[in-house]
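Just below is one structure, and these are the notes that go with it.
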Amino acid sequence: MSNKNCDQPIFLNSAGVICSLGSGLENVEDHLFSENTEITYLKYSSKFSTENDLLLGIVEQPLAAVPIAEEDTRNNRMLTTALEPLLSEIQLLKKRFGPQRIATVIGTSTSGISDGEEAMRYHRNQNKFPANYHYRKQEPSSPSRYIAKWLGLRGPSFSVSSACTSGAKALASAARLLRLGVCDAVIAGGVDTLCNMTVKGFSSLLVTTDSICNPFSINRNGINIGEGAGLFLLTREPGPVRLAGVGETSDAYHISAPHPEGKGAESAMRQALQQSGMDPENIQYLNLHGTGTEQNDKMEARAVQRVFGPDIACSSTKPLTGHTLAAAGAIEAVFCWLALQREDGRLPPHRWDGQTDPDLPVLTGIATTRLGKKLTTAMSNSFAFGGNNASLILVRE
């Protein structure tokens, strides 16, 4: 059976975002492209640390209320805040296509775990759970279920939970749904919120740092964990940015470490290029996964050098936001989406000490702040536990 939509382009029509940089596109864009490099958006906190204060990408802005009591979690409040600016557009899509033709795909790894942790502490002290507690709040399906229920959407609704590629893979899933013709619009992205499980879990792996992460530096010593949400409305109708290519691979090398040569990462980038019909030299900017850990940066530098050579303009934004885990792929896609619509060619910055690691291939284009012309093509990388890899290519229309 043929599908007339299978070759149609997919567009990222609108976006919403919240992270340590701020809430809303305008606020986040102002801080992301600020020329003041002395400001840090990470905050010290001991709330989630077993011993010392850690620098975290904490969202301190007020969060929107969740209108469905049984779905009320910090994770869904974060999601609601990112989505609220898009509500009028979603209502127009509902009237135009019908609620059964709008899908919801959300990437998450924490879901409502922070609320579950609070409920467990309450139970320890009171010998009962809080009246508003339900285990369903912790399910990965909670964010997508909540949006569909809240907005009265009846199209496909599911969550993606593949650790740090979740947000990027949610966008890939959205594109497939549109190309299959099973829906006409998709709300897709990622959301994660800080909780003890993730912060203490990464600390137990000895990969967190109490200083600002320093991607691709010889002095890098770990990651900062962050939180946030990034969302898009995707359709087959022309918009400001096109999702031109997607690459998804799995190393199957190690449960928590990437393949040391970055074979899966390289394959994901090449798949995205193939799907987009582009050559490596067509990509003007690369948003690096760039966590600041020993192994991730080494394998990514090797993979990038093999695909693009040393000169591609590239940066990691994690020193600004922390690693927002399942939300990272979506939030960083929003950063690329914003950069692609600027007229001045400014790129998301790379904050580091400038001390290259002789054990890494040299990326001479790292920390490029301005192209000198409009940015028209960008790739964003996301890599995760289990060697799970995703690369997205975005094109200015």
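Going through the structure tokens in order, the chains are called A, B, and so on, while each chain numbers its residues from 1 and the ligands are numbered from 1 in the order shown.
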
Residues near range 353-368 of chain A, anyone? I mean within 8 Å using only C-alpha atoms, not counting same-chain ones fewer than 6 positions away, as a JSON list (two decimals) with N, CA and C atoms, in the first residue's frame.
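Dumped everything to out.json:
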[["chain", "number", "residue", "atom", "x", "y", "z"],
["A", 214, "ASN", "N", 33.05, 21.20, 31.50],
["A", 214, "ASN", "CA", 34.09, 21.78, 30.65],
["A", 214, "ASN", "C", 34.29, 20.91, 29.40],
["A", 216, "PHE", "N", 35.16, 18.89, 26.21],
["A", 216, "PHE", "CA", 36.27, 18.76, 25.27],
["A", 216, "PHE", "C", 37.57, 19.40, 25.75],
["A", 217, "SER", "N", 37.61, 19.83, 27.00],
["A", 217, "SER", "CA", 38.84, 20.35, 27.59],
["A", 217, "SER", "C", 39.66, 19.20, 28.20],
["A", 218, "ILE", "N", 40.95, 19.36, 28.25],
["A", 218, "ILE", "CA", 41.79, 18.39, 28.95],
["A", 218, "ILE", "C", 41.46, 18.37, 30.44],
["A", 219, "ASN", "N", 40.84, 19.44, 30.93],
["A", 219, "ASN", "CA", 40.50, 19.55, 32.35],
["A", 219, "ASN", "C", 39.07, 19.13, 32.66],
["A", 298, "LYS", "N", 35.50, 12.07, 24.23],
["A", 298, "LYS", "CA", 36.52, 11.43, 23.40],
["A", 298, "LYS", "C", 35.89, 10.75, 22.18],
["A", 301, "ALA", "N", 34.30, 13.42, 19.72],
["A", 301, "ALA", "CA", 35.30, 14.14, 18.95],
["A", 301, "ALA", "C", 35.82, 13.28, 17.81],
["A", 302, "ARG", "N", 36.05, 12.00, 18.09],
["A", 302, "ARG", "CA", 36.54, 11.10, 17.04],
["A", 302, "ARG", "C", 35.49, 10.92, 15.94],
["A", 305, "GLN", "N", 35.10, 14.21, 13.87],
["A", 305, "GLN", "CA", 36.25, 14.44, 13.00],
["A", 305, "GLN", "C", 36.18, 13.56, 11.76],
["A", 309, "GLY", "N", 35.38, 16.38, 9.54],
["A", 309, "GLY", "CA", 36.68, 17.01, 9.57],
["A", 309, "GLY", "C", 36.78, 17.95, 10.76],
["A", 310, "PRO", "N", 37.88, 18.68, 10.88],
["A", 310, "PRO", "CA", 38.10, 19.48, 12.10],
["A", 310, "PRO", "C", 37.44, 20.85, 12.12],
["A", 311, "ASP", "N", 36.97, 21.35, 10.97],
["A", 311, "ASP", "CA", 36.65, 22.77, 10.88],
["A", 311, "ASP", "C", 35.19, 23.13, 11.09],
["A", 312, "ILE", "N", 34.30, 22.17, 11.25],
["A", 312, "ILE", "CA", 32.89, 22.50, 11.39],
["A", 312, "ILE", "C", 32.64, 23.34, 12.65],
["A", 313, "ALA", "N", 31.85, 24.39, 12.52],
["A", 313, "ALA", "CA", 31.47, 25.20, 13.68],
["A", 313, "ALA", "C", 30.62, 24.34, 14.61],
["A", 314, "CYS", "N", 30.99, 24.25, 15.88],
["A", 314, "CYS", "CA", 30.30, 23.36, 16.80],
["A", 314, "CYS", "C", 30.40, 23.89, 18.22],
["A", 315, "SER", "N", 29.47, 23.43, 19.05],
["A", 315, "SER", "CA", 29.48, 23.84, 20.46],
["A", 315, "SER", "C", 28.60, 22.90, 21.27],
["A", 347, "LEU", "N", 25.75, 31.82, 16.93],
["A", 347, "LEU", "CA", 25.57, 30.41, 17.24],
["A", 347, "LEU", "C", 25.48, 30.20, 18.74]]

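Residue nearest Ala172 in chain A within the list A:Leu42, A:Ile187, A:Leu21, A:Leu286: A:Ile187 [criterion: smallest interatomic distance, only C-alpha atoms].
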
Exercise for the section: Per DSSP on the backbone, filter range 38-253 of chain A down to the residues in strand (DSSP E) and report them as a ChimeraX atom specification. Expected result: /A:43-45,54-56,102-107,157-160,185-192,228-235,241-250

Dump as a PDB file, in the first residue's frame, selection limited to C-alpha atoms:
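Wrote it out as again_15.pdb, contents follow:
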ATOM      1  CA  LYS A  43      23.118  26.938  40.835  1.00  0.00           C
ATOM      2  CA  TYR A  44      24.748  25.140  43.754  1.00  0.00           C
ATOM      3  CA  SER A  45      22.392  22.869  45.663  1.00  0.00           C
ATOM      4  CA  LEU A  54      26.583  20.232  43.202  1.00  0.00           C
ATOM      5  CA  LEU A  55      26.080  22.707  40.384  1.00  0.00           C
ATOM      6  CA  LEU A  56      22.712  21.976  38.825  1.00  0.00           C
ATOM      7  CA  ILE A 102      -3.218  15.155  16.575  1.00  0.00           C
ATOM      8  CA  ALA A 103      -0.603  12.927  18.232  1.00  0.00           C
ATOM      9  CA  THR A 104       1.444  13.389  21.399  1.00  0.00           C
ATOM     10  CA  VAL A 105       4.986  12.007  21.755  1.00  0.00           C
ATOM     11  CA  ILE A 106       7.023  13.003  24.804  1.00  0.00           C
ATOM     12  CA  GLY A 107      10.481  11.857  25.863  1.00  0.00           C
ATOM     13  CA  SER A 157      -0.114   9.142  22.403  1.00  0.00           C
ATOM     14  CA  PHE A 158       3.033   7.613  23.862  1.00  0.00           C
ATOM     15  CA  SER A 159       6.259   8.381  25.673  1.00  0.00           C
ATOM     16  CA  VAL A 160       9.836   7.618  24.659  1.00  0.00           C
ATOM     17  CA  ALA A 185       0.019  17.306  13.644  1.00  0.00           C
ATOM     18  CA  VAL A 186       2.177  16.142  16.556  1.00  0.00           C
ATOM     19  CA  ILE A 187       3.091  17.706  19.891  1.00  0.00           C
ATOM     20  CA  ALA A 188       6.558  16.291  20.507  1.00  0.00           C
ATOM     21  CA  GLY A 189       9.608  16.932  22.662  1.00  0.00           C
ATOM     22  CA  GLY A 190      11.089  16.041  26.013  1.00  0.00           C
ATOM     23  CA  VAL A 191      10.822  16.850  29.715  1.00  0.00           C
ATOM     24  CA  ASP A 192      12.800  15.837  32.795  1.00  0.00           C
ATOM     25  CA  GLY A 228      13.658  21.493  31.666  1.00  0.00           C
ATOM     26  CA  ALA A 229      11.320  20.898  28.754  1.00  0.00           C
ATOM     27  CA  GLY A 230      11.471  21.507  25.022  1.00  0.00           C
ATOM     28  CA  LEU A 231       8.436  21.055  22.756  1.00  0.00           C
ATOM     29  CA  PHE A 232       7.511  21.463  19.101  1.00  0.00           C
ATOM     30  CA  LEU A 233       4.396  21.433  16.974  1.00  0.00           C
ATOM     31  CA  LEU A 234       5.220  19.369  13.897  1.00  0.00           C
ATOM     32  CA  THR A 235       3.154  19.186  10.714  1.00  0.00           C
ATOM     33  CA  VAL A 241      12.374  25.220  10.067  1.00  0.00           C
ATOM     34  CA  ARG A 242      12.299  21.791   8.440  1.00  0.00           C
ATOM     35  CA  LEU A 243      13.300  18.549  10.138  1.00  0.00           C
ATOM     36  CA  ALA A 244      15.335  17.390   7.176  1.00  0.00           C
ATOM     37  CA  GLY A 245      17.068  14.288   8.507  1.00  0.00           C
ATOM     38  CA  VAL A 246      17.105  11.846  11.391  1.00  0.00           C
ATOM     39  CA  GLY A 247      19.661   9.186  12.293  1.00  0.00           C
ATOM     40  CA  GLU A 248      19.140   6.605  15.047  1.00  0.00           C
ATOM     41  CA  THR A 249      21.554   3.815  16.001  1.00  0.00           C
ATOM     42  CA  SER A 250      22.577   1.667  18.953  1.00  0.00           C
TER      43      SER A 250
END

Problem - Shell around Thr369 in chain A at 8 Å using only C-alpha atoms, local window under 5 positions removed, as a PyMOL selection string - result: chain A and resi 346-350

Problem - Closest of A:Leu194, A:Ala175, A:Leu206, A:Ala252 to Thr110 in chain A - atom-to-atom distances counting only C-alpha atoms - result: A:Leu194

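Closest approach to Ala327 in chain A from the set A:Cys164, A:Ile393, A:Ala119, A:Leu25 is made by A:Cys164, with distances taken over only C-alpha atoms.
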
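When only C-alpha atoms are used to compute distances to Ala163 in chain A, the closest of the residues A:Ser46, A:Asn132, A:Ser111, A:Asn75 turns out to be A:Ser111.
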
Exercise for the section: Name the residues in contact with Thr376 in chain A at a cut-off of 10 Å, using only C-alpha atoms, excluding same-chain residues fewer than 5 positions from it; report them as a PyMOL selection string. Expected result: chain A and resi 241+282-285+339-342+345+394-397

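In this comparison, which uses only C-alpha atoms, the residue of A:Met197, A:Met379, A:Leu177, A:Leu371 approaching Ile10 in chain A most closely is A:Leu177.
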
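Straight-line separation from CA of His259 in chain A to CA of Gly329 in chain A: 19.7 Å.
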
Exercise for the section: Can you work out which one of A:Glu117, A:Leu178, A:Met299, A:Gly152 has the shortest atom-to-atom distance to Glu237 in chain A, counting only C-alpha atoms? Expected result: A:Leu178

Exercise for the section: Run DSSP on the backbone and give me the residues of range 66-210 of chain A it puts in alpha helix (DSSP H), as a ChimeraX atom specification. Expected result: /A:74-83,87-97,113-126,142-151,166-180,196-204

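Across the structure, CA of Ala148 in chain A and CA of Ala82 in chain A are spaced 15.2 Å apart.
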